[in-house]
Protein chains: 2
Amino acid sequence: MLSNKAQYAFRALTLLVDKYEEGPVLISEIAKKKRIPLKFLENILLELKRAGILQSKKGKGGGYFINQHPSKTTIAAVVRIVDGPIAMLPCVSLYFYQKCKNCDEKNCGLHDIMENVRDATLGILESRTLEDLATGRENL
Amino acid sequence: MLSNKAQYAFRALTLLVDKYEEGPVLISEIAKKKRIPLKFLENILLELKRAGILQSKKGKGGGYFINQHPSKTTIAAVVRIVDGPIAMLPCVSLYFYQKCKNCDEKNCGLHDIMENVRDATLGILESRTLEDLATGRENL
DNA sequence: ATCATACTCTACTGTTTTGGTAGGATATGC
DNA sequence: GCATATCCTACCAAAACAGTAGAGTATGAT
């Protein structure tokens, strides 16, 4: 399951997508509209900025906004930043690979199954982008 | 990611599948061969037994063994017993559904995406069974 | 310049989950 | 009735999760 943090991240991103083209949005506005604890949200947005998903501007008229066009950022990328691995086993993770103890990957039934799951999951999460989060502006 | 516990569970089940037809296997044998902490493994096997995946026999000649034919138990079932939900969001889980706060499911982009992920994942995990874990007896 | 605005950053804290351990109770077979 | 093995409850330490605190820094307007 996605962590609470990741779910907050997606809620915040949804607002930022809806307001794409409207310039920076205040953290406090996002927090209020999406009911996310303010200070926690600060950390989350900062993390997304450091990862290159968001941009920010300080001072009056400042706030957060999406860095590239929403269609350029995949859902998979966001999950990896906030929650880490998407795969169900370390030994089948593409970005967070770790050898599993006591399992010969060439001859491990579970490995094969989880590789299939990973491919199926990524097939979706890599093809969907922030654009797909847009609500059509009902939630502004 | 699957928990350590779930990975132990699958390692244990792999041995039990390989030894299917050979009668009960001692917890201590599984623990030793698969390098799983004995007392932890006890809990795991007990849980799998209560869920109907395994059977056991006490006393001399006793041990654990698989309840139904390995092809009858899906990988999904095992994951649900040991780790709980498979879905990435509570609001798209079939067995552990929970409404998500502040999200209108009919109009939530993330909901739709995660529903697709769930279907893709279950398509695999529900169609693979314990039988697919068998190593061909190289690991006895 | 200086002041208000708003993000930036480090560190800290309480709670829950994870990953086990301990030890006795209970059932079975000989 | 004894040895064998699972059953069961409770406990514990460490890590992850979820959030908080508070001071620092950059920006824009006056």
# chains A, B, ... in the order shown; residues from 1 in each chain; ligands from 1

call {"tool": "calpha_fit_and_write", "arguments": {"fixed": "chain A", "moving": "chain B", "output": "CSV table (one decimal) with C-alpha atoms, in the first residue's frame"}}
result
chain,number,residue,atom,x,y,z
B,1,MET,CA,0.0,0.0,0.0
B,2,LEU,CA,1.0,3.6,-0.6
B,3,SER,CA,2.0,5.4,2.5
B,4,ASN,CA,-0.1,8.3,3.8
B,5,LYS,CA,2.7,10.6,2.7
B,6,ALA,CA,2.4,9.3,-0.8
B,7,GLN,CA,-1.3,9.8,-0.8
B,8,TYR,CA,-0.9,13.4,0.4
B,9,ALA,CA,1.7,13.9,-2.3
B,10,PHE,CA,-0.8,12.8,-5.0
B,11,ARG,CA,-3.6,15.0,-3.5
B,12,ALA,CA,-1.3,18.0,-3.6
B,13,LEU,CA,-0.1,17.2,-7.1
B,14,THR,CA,-3.7,16.9,-8.2
B,15,LEU,CA,-4.4,20.5,-7.1
B,16,LEU,CA,-1.2,21.7,-8.7
B,17,VAL,CA,-2.2,20.0,-12.0
B,18,ASP,CA,-5.6,21.6,-11.8
B,19,LYS,CA,-3.9,25.0,-11.3
B,20,TYR,CA,-1.2,24.5,-13.8
B,21,GLU,CA,-1.0,27.7,-15.9
B,22,GLU,CA,-2.1,29.8,-12.9
B,23,GLY,CA,1.3,30.3,-11.4
B,24,PRO,CA,2.6,29.4,-8.0
B,25,VAL,CA,0.3,28.0,-5.3
B,26,LEU,CA,0.9,28.6,-1.6
B,27,ILE,CA,1.7,25.6,0.5
B,28,SER,CA,-0.9,26.9,3.0
B,29,GLU,CA,-3.5,26.9,0.3
B,30,ILE,CA,-2.8,23.4,-0.8
B,31,ALA,CA,-2.8,22.3,2.9
B,32,LYS,CA,-6.1,23.9,3.5
B,33,LYS,CA,-7.9,22.9,0.3
B,34,LYS,CA,-6.7,19.3,0.5
B,35,ARG,CA,-6.7,18.9,4.3
B,36,ILE,CA,-3.1,18.0,4.7
B,37,PRO,CA,-1.1,18.9,7.8
B,38,LEU,CA,0.8,22.0,6.8
B,39,LYS,CA,4.3,21.2,8.1
B,40,PHE,CA,4.2,17.7,6.8
B,41,LEU,CA,3.2,19.0,3.4
B,42,GLU,CA,6.1,21.4,3.4
B,43,ASN,CA,8.5,18.4,3.7
B,44,ILE,CA,6.7,16.5,1.0
B,45,LEU,CA,6.7,19.3,-1.5
B,46,LEU,CA,10.3,20.1,-0.8
B,47,GLU,CA,11.2,16.4,-1.5
B,48,LEU,CA,9.3,16.6,-4.8
B,49,LYS,CA,11.1,19.8,-5.7
B,50,ARG,CA,14.5,18.3,-5.0
B,51,ALA,CA,13.6,15.4,-7.2
B,52,GLY,CA,12.8,17.8,-10.0
B,53,ILE,CA,9.0,17.3,-10.1
B,54,LEU,CA,8.2,20.7,-8.7
B,55,GLN,CA,9.5,24.2,-8.8
B,56,SER,CA,9.1,26.9,-6.2
B,57,LYS,CA,9.3,30.6,-5.8
B,58,LYS,CA,9.9,32.4,-2.5
B,59,GLY,CA,8.5,35.6,-1.2
B,60,LYS,CA,5.3,37.4,-2.1
B,61,GLY,CA,3.6,35.9,-5.1
B,62,GLY,CA,5.6,32.7,-4.5
B,63,GLY,CA,4.6,29.2,-4.0
B,64,TYR,CA,4.9,25.8,-5.7
B,65,PHE,CA,4.2,24.8,-9.2
B,66,ILE,CA,4.9,21.9,-11.5
B,67,ASN,CA,8.2,21.9,-13.2
B,68,GLN,CA,7.6,20.3,-16.5
B,69,HIS,CA,4.4,19.8,-18.4
B,70,PRO,CA,2.2,17.4,-16.3
B,71,SER,CA,2.3,14.8,-19.1
B,72,LYS,CA,6.1,14.6,-18.7
B,73,THR,CA,6.0,13.2,-15.1
B,74,THR,CA,4.9,9.6,-14.6
B,75,ILE,CA,3.0,8.3,-11.6
B,76,ALA,CA,5.8,5.8,-11.2
B,77,ALA,CA,8.4,8.5,-10.7
B,78,VAL,CA,6.3,10.1,-7.9
B,79,VAL,CA,5.8,6.8,-6.1
B,80,ARG,CA,9.6,6.1,-6.3
B,81,ILE,CA,10.5,9.5,-4.8
B,82,VAL,CA,8.0,9.3,-2.0
B,83,ASP,CA,7.7,5.6,-1.1
B,84,GLY,CA,10.7,4.0,-2.8
B,85,PRO,CA,10.5,0.7,-4.6
B,86,ILE,CA,7.4,-0.3,-6.5
B,87,ALA,CA,8.3,-4.0,-6.9
B,88,MET,CA,7.2,-6.6,-4.4
B,89,LEU,CA,10.7,-8.0,-3.9
B,90,PRO,CA,14.1,-6.3,-3.7
B,91,CYS,CA,15.5,-8.8,-6.2
B,92,VAL,CA,13.1,-7.7,-9.0
B,93,SER,CA,13.3,-3.9,-8.4
B,94,LEU,CA,14.8,-1.9,-11.2
B,95,TYR,CA,15.7,1.2,-9.3
B,96,PHE,CA,16.2,-0.3,-5.8
B,97,TYR,CA,17.7,-3.7,-6.7
B,98,GLN,CA,19.1,-5.8,-3.9
B,99,LYS,CA,20.1,-9.4,-4.0
B,100,CYS,CA,17.9,-11.6,-1.9
B,101,LYS,CA,19.5,-13.9,0.6
B,102,ASN,CA,19.2,-17.6,-0.1
B,103,CYS,CA,17.5,-17.3,-3.4
B,104,ASP,CA,19.0,-18.3,-6.7
B,105,GLU,CA,17.3,-15.8,-9.0
B,106,LYS,CA,17.7,-18.0,-12.0
B,107,ASN,CA,15.8,-20.8,-10.3
B,108,CYS,CA,13.2,-19.1,-8.0
B,109,GLY,CA,9.6,-19.4,-8.8
B,110,LEU,CA,8.7,-16.4,-6.7
B,111,HIS,CA,11.2,-14.3,-8.5
B,112,ASP,CA,9.6,-15.0,-11.8
B,113,ILE,CA,6.1,-14.3,-10.6
B,114,MET,CA,7.2,-11.0,-9.0
B,115,GLU,CA,9.0,-10.0,-12.1
B,116,ASN,CA,5.7,-10.4,-14.0
B,117,VAL,CA,3.9,-8.4,-11.4
B,118,ARG,CA,6.5,-5.7,-11.7
B,119,ASP,CA,6.2,-5.5,-15.4
B,120,ALA,CA,2.4,-5.4,-15.3
B,121,THR,CA,2.5,-2.7,-12.6
B,122,LEU,CA,5.1,-0.6,-14.4
B,123,GLY,CA,3.2,-0.9,-17.6
B,124,ILE,CA,0.5,1.1,-16.0
B,125,LEU,CA,2.4,3.4,-13.7
B,126,GLU,CA,5.0,4.4,-16.3
B,127,SER,CA,2.3,5.2,-18.9
B,128,ARG,CA,0.1,7.4,-16.6
B,129,THR,CA,1.2,10.9,-15.8
B,130,LEU,CA,0.2,13.8,-13.6
B,131,GLU,CA,-2.1,14.8,-16.4
B,132,ASP,CA,-4.3,11.9,-15.6
B,133,LEU,CA,-4.8,13.2,-12.0
B,134,ALA,CA,-6.6,16.3,-13.2
B,135,THR,CA,-10.1,16.6,-11.9
B,136,GLY,CA,-11.3,19.0,-14.6
B,137,ARG,CA,-11.1,21.8,-12.0
B,138,GLU,CA,-14.1,20.7,-9.9
B,139,ASN,CA,-11.9,20.7,-6.9
B,140,LEU,CA,-10.5,24.2,-6.9

call {"tool": "interface_residues", "arguments": {"of": "chain D", "to": "chain A", "cutoff": "7 Å", "atoms": "only C-alpha atoms (C1' of nucleotides)", "output": "JSON, numbers by chain"}}
result
{"D": [19, 26, 27, 28]}

call {"tool": "write_last_selection", "arguments": {"atoms": "N, CA and C atoms (P, O5', C5', C4', C3', O3' and C1' of nucleotides)", "output": "mmCIF file, in the first residue's frame"}}
result
data_model
loop_
_atom_site.group_PDB
_atom_site.id
_atom_site.type_symbol
_atom_site.label_atom_id
_atom_site.label_comp_id
_atom_site.auth_asym_id
_atom_site.auth_seq_id
_atom_site.Cartn_x
_atom_site.Cartn_y
_atom_site.Cartn_z
ATOM 1 P P DG D 19 -0.232 12.136 9.447
ATOM 2 O "O5'" DG D 19 0.626 13.361 9.997
ATOM 3 C "C5'" DG D 19 0.531 13.488 11.389
ATOM 4 C "C4'" DG D 19 1.704 14.142 11.976
ATOM 5 C "C3'" DG D 19 1.763 15.647 11.735
ATOM 6 O "O3'" DG D 19 1.203 16.299 12.853
ATOM 7 C "C1'" DG D 19 3.901 14.636 12.002
ATOM 8 P P DA D 26 20.145 32.598 0.712
ATOM 9 O "O5'" DA D 26 19.059 33.004 -0.392
ATOM 10 C "C5'" DA D 26 18.238 31.990 -0.949
ATOM 11 C "C4'" DA D 26 16.923 32.611 -1.344
ATOM 12 C "C3'" DA D 26 17.037 33.835 -2.245
ATOM 13 O "O3'" DA D 26 16.212 33.590 -3.364
ATOM 14 C "C1'" DA D 26 15.574 34.269 -0.441
ATOM 15 P P DT D 27 16.370 34.534 -4.727
ATOM 16 O "O5'" DT D 27 15.033 35.391 -4.623
ATOM 17 C "C5'" DT D 27 13.789 34.713 -4.380
ATOM 18 C "C4'" DT D 27 12.689 35.726 -4.146
ATOM 19 C "C3'" DT D 27 12.776 36.968 -5.023
ATOM 20 O "O3'" DT D 27 11.596 36.995 -5.811
ATOM 21 C "C1'" DT D 27 12.291 37.520 -2.758
ATOM 22 P P DG D 28 11.464 38.022 -7.066
ATOM 23 O "O5'" DG D 28 10.476 39.089 -6.417
ATOM 24 C "C5'" DG D 28 9.280 38.630 -5.794
ATOM 25 C "C4'" DG D 28 8.575 39.787 -5.127
ATOM 26 C "C3'" DG D 28 8.544 41.079 -5.918
ATOM 27 O "O3'" DG D 28 7.204 41.579 -5.856
ATOM 28 C "C1'" DG D 28 9.474 41.484 -3.781
#

call {"tool": "select_by_dssp", "arguments": {"residues": "chain A", "states": "strand (DSSP E)", "output": "list in words"}}
result
Leu54, Gln55, Ser56, Lys57, Gly63, Tyr64, Phe65 and Ile66 of chain A

call {"tool": "interface_residues", "arguments": {"of": "chain C", "to": "chain A", "cutoff": "10 Å", "atoms": "only C-alpha atoms (C1' of nucleotides)", "output": "number ranges by chain"}}
result
C: 4-9

call {"tool": "write_last_selection", "arguments": {"atoms": "N, CA and C atoms (P, O5', C5', C4', C3', O3' and C1' of nucleotides)", "output": "CSV table (one decimal), in the first residue's frame"}}
result
chain,number,residue,atom,x,y,z
C,4,DA,P,6.9,43.9,9.2
C,4,DA,O5',6.0,43.0,8.2
C,4,DA,C5',5.3,43.7,7.2
C,4,DA,C4',5.1,42.7,6.1
C,4,DA,C3',4.5,41.4,6.5
C,4,DA,O3',3.5,41.0,5.6
C,4,DA,C1',6.5,41.1,5.2
C,5,DT,P,2.7,39.7,5.7
C,5,DT,O5',3.3,38.8,4.6
C,5,DT,C5',3.4,39.3,3.2
C,5,DT,C4',4.2,38.3,2.4
C,5,DT,C3',3.7,36.9,2.5
C,5,DT,O3',3.5,36.3,1.2
C,5,DT,C1',6.1,37.0,2.8
C,6,DA,P,2.4,35.2,1.0
C,6,DA,O5',3.3,33.9,0.9
C,6,DA,C5',4.5,34.0,0.3
C,6,DA,C4',5.4,32.9,0.3
C,6,DA,C3',5.0,31.6,0.8
C,6,DA,O3',5.3,30.5,-0.1
C,6,DA,C1',7.0,32.3,1.8
C,7,DC,P,5.1,29.0,0.1
C,7,DC,O5',6.5,28.4,0.0
C,7,DC,C5',7.2,28.5,-1.2
C,7,DC,C4',8.7,28.5,-1.0
C,7,DC,C3',9.3,27.2,-0.7
C,7,DC,O3',10.6,27.1,-1.4
C,7,DC,C1',9.8,28.6,1.0
C,8,DT,P,11.5,25.8,-1.3
C,8,DT,O5',12.4,26.0,0.0
C,8,DT,C5',13.5,26.9,-0.1
C,8,DT,C4',14.5,26.6,1.1
C,8,DT,C3',14.9,25.1,1.2
C,8,DT,O3',16.3,25.1,1.4
C,8,DT,C1',14.1,25.9,3.3
C,9,DC,P,17.2,23.8,1.0
C,9,DC,O5',17.4,23.2,2.5
C,9,DC,C5',18.1,24.1,3.4
C,9,DC,C4',17.9,23.6,4.8
C,9,DC,C3',18.0,22.1,5.1
C,9,DC,O3',19.3,21.8,5.7
C,9,DC,C1',16.3,23.1,6.4

call {"tool": "select_by_dssp", "arguments": {"residues": "chain A", "states": "alpha helix (DSSP H)", "output": "VMD selection string"}}
result
chain A and resid 4 to 18 27 to 34 38 to 50 75 to 83 109 to 125

call {"tool": "write_last_selection", "arguments": {"atoms": "C-alpha atoms", "output": "CSV table (one decimal), in the first residue's frame"}}
result
chain,number,residue,atom,x,y,z
A,4,ASN,CA,-0.1,8.3,3.9
A,5,LYS,CA,2.7,10.6,2.7
A,6,ALA,CA,2.4,9.4,-0.8
A,7,GLN,CA,-1.3,9.8,-0.8
A,8,TYR,CA,-0.9,13.4,0.4
A,9,ALA,CA,1.7,13.9,-2.3
A,10,PHE,CA,-0.8,12.8,-5.0
A,11,ARG,CA,-3.6,15.0,-3.5
A,12,ALA,CA,-1.3,18.0,-3.6
A,13,LEU,CA,-0.1,17.2,-7.1
A,14,THR,CA,-3.7,16.9,-8.2
A,15,LEU,CA,-4.4,20.5,-7.1
A,16,LEU,CA,-1.2,21.7,-8.7
A,17,VAL,CA,-2.2,20.0,-12.0
A,18,ASP,CA,-5.6,21.6,-11.8
A,27,ILE,CA,1.7,25.6,0.5
A,28,SER,CA,-0.9,26.9,3.0
A,29,GLU,CA,-3.5,26.9,0.2
A,30,ILE,CA,-2.8,23.4,-0.8
A,31,ALA,CA,-2.8,22.3,2.9
A,32,LYS,CA,-6.2,23.9,3.5
A,33,LYS,CA,-7.9,22.9,0.3
A,34,LYS,CA,-6.7,19.3,0.5
A,38,LEU,CA,0.8,22.0,6.8
A,39,LYS,CA,4.3,21.2,8.1
A,40,PHE,CA,4.1,17.7,6.8
A,41,LEU,CA,3.1,19.0,3.4
A,42,GLU,CA,6.1,21.4,3.5
A,43,ASN,CA,8.5,18.4,3.7
A,44,ILE,CA,6.7,16.5,1.0
A,45,LEU,CA,6.7,19.3,-1.5
A,46,LEU,CA,10.3,20.0,-0.8
A,47,GLU,CA,11.2,16.4,-1.5
A,48,LEU,CA,9.3,16.6,-4.8
A,49,LYS,CA,11.1,19.8,-5.7
A,50,ARG,CA,14.5,18.3,-4.9
A,75,ILE,CA,3.0,8.3,-11.6
A,76,ALA,CA,5.8,5.8,-11.2
A,77,ALA,CA,8.4,8.5,-10.7
A,78,VAL,CA,6.3,10.1,-7.9
A,79,VAL,CA,5.8,6.8,-6.1
A,80,ARG,CA,9.6,6.1,-6.3
A,81,ILE,CA,10.5,9.4,-4.8
A,82,VAL,CA,8.0,9.3,-2.0
A,83,ASP,CA,7.7,5.6,-1.1
A,109,GLY,CA,9.6,-19.4,-8.8
A,110,LEU,CA,8.6,-16.4,-6.7
A,111,HIS,CA,11.2,-14.3,-8.5
A,112,ASP,CA,9.6,-15.0,-11.8
A,113,ILE,CA,6.1,-14.3,-10.6
A,114,MET,CA,7.2,-11.0,-9.0
A,115,GLU,CA,9.0,-10.0,-12.1
A,116,ASN,CA,5.7,-10.4,-14.0
A,117,VAL,CA,3.9,-8.4,-11.4
A,118,ARG,CA,6.5,-5.7,-11.7
A,119,ASP,CA,6.2,-5.5,-15.4
A,120,ALA,CA,2.4,-5.4,-15.3
A,121,THR,CA,2.5,-2.7,-12.6
A,122,LEU,CA,5.1,-0.5,-14.4
A,123,GLY,CA,3.2,-0.9,-17.6
A,124,ILE,CA,0.5,1.2,-16.0
A,125,LEU,CA,2.4,3.4,-13.7

call {"tool": "atom_distance", "arguments": {"atom1": "atom C1' of DT10 of chain C", "atom2": "atom C1' of DA14 of chain D"}}
result
22.9 Å

call {"tool": "atom_distance", "arguments": {"atom1": "atom C1' of DT17 of chain C", "atom2": "atom C1' of DA16 of chain D"}}
result
7.4 Å
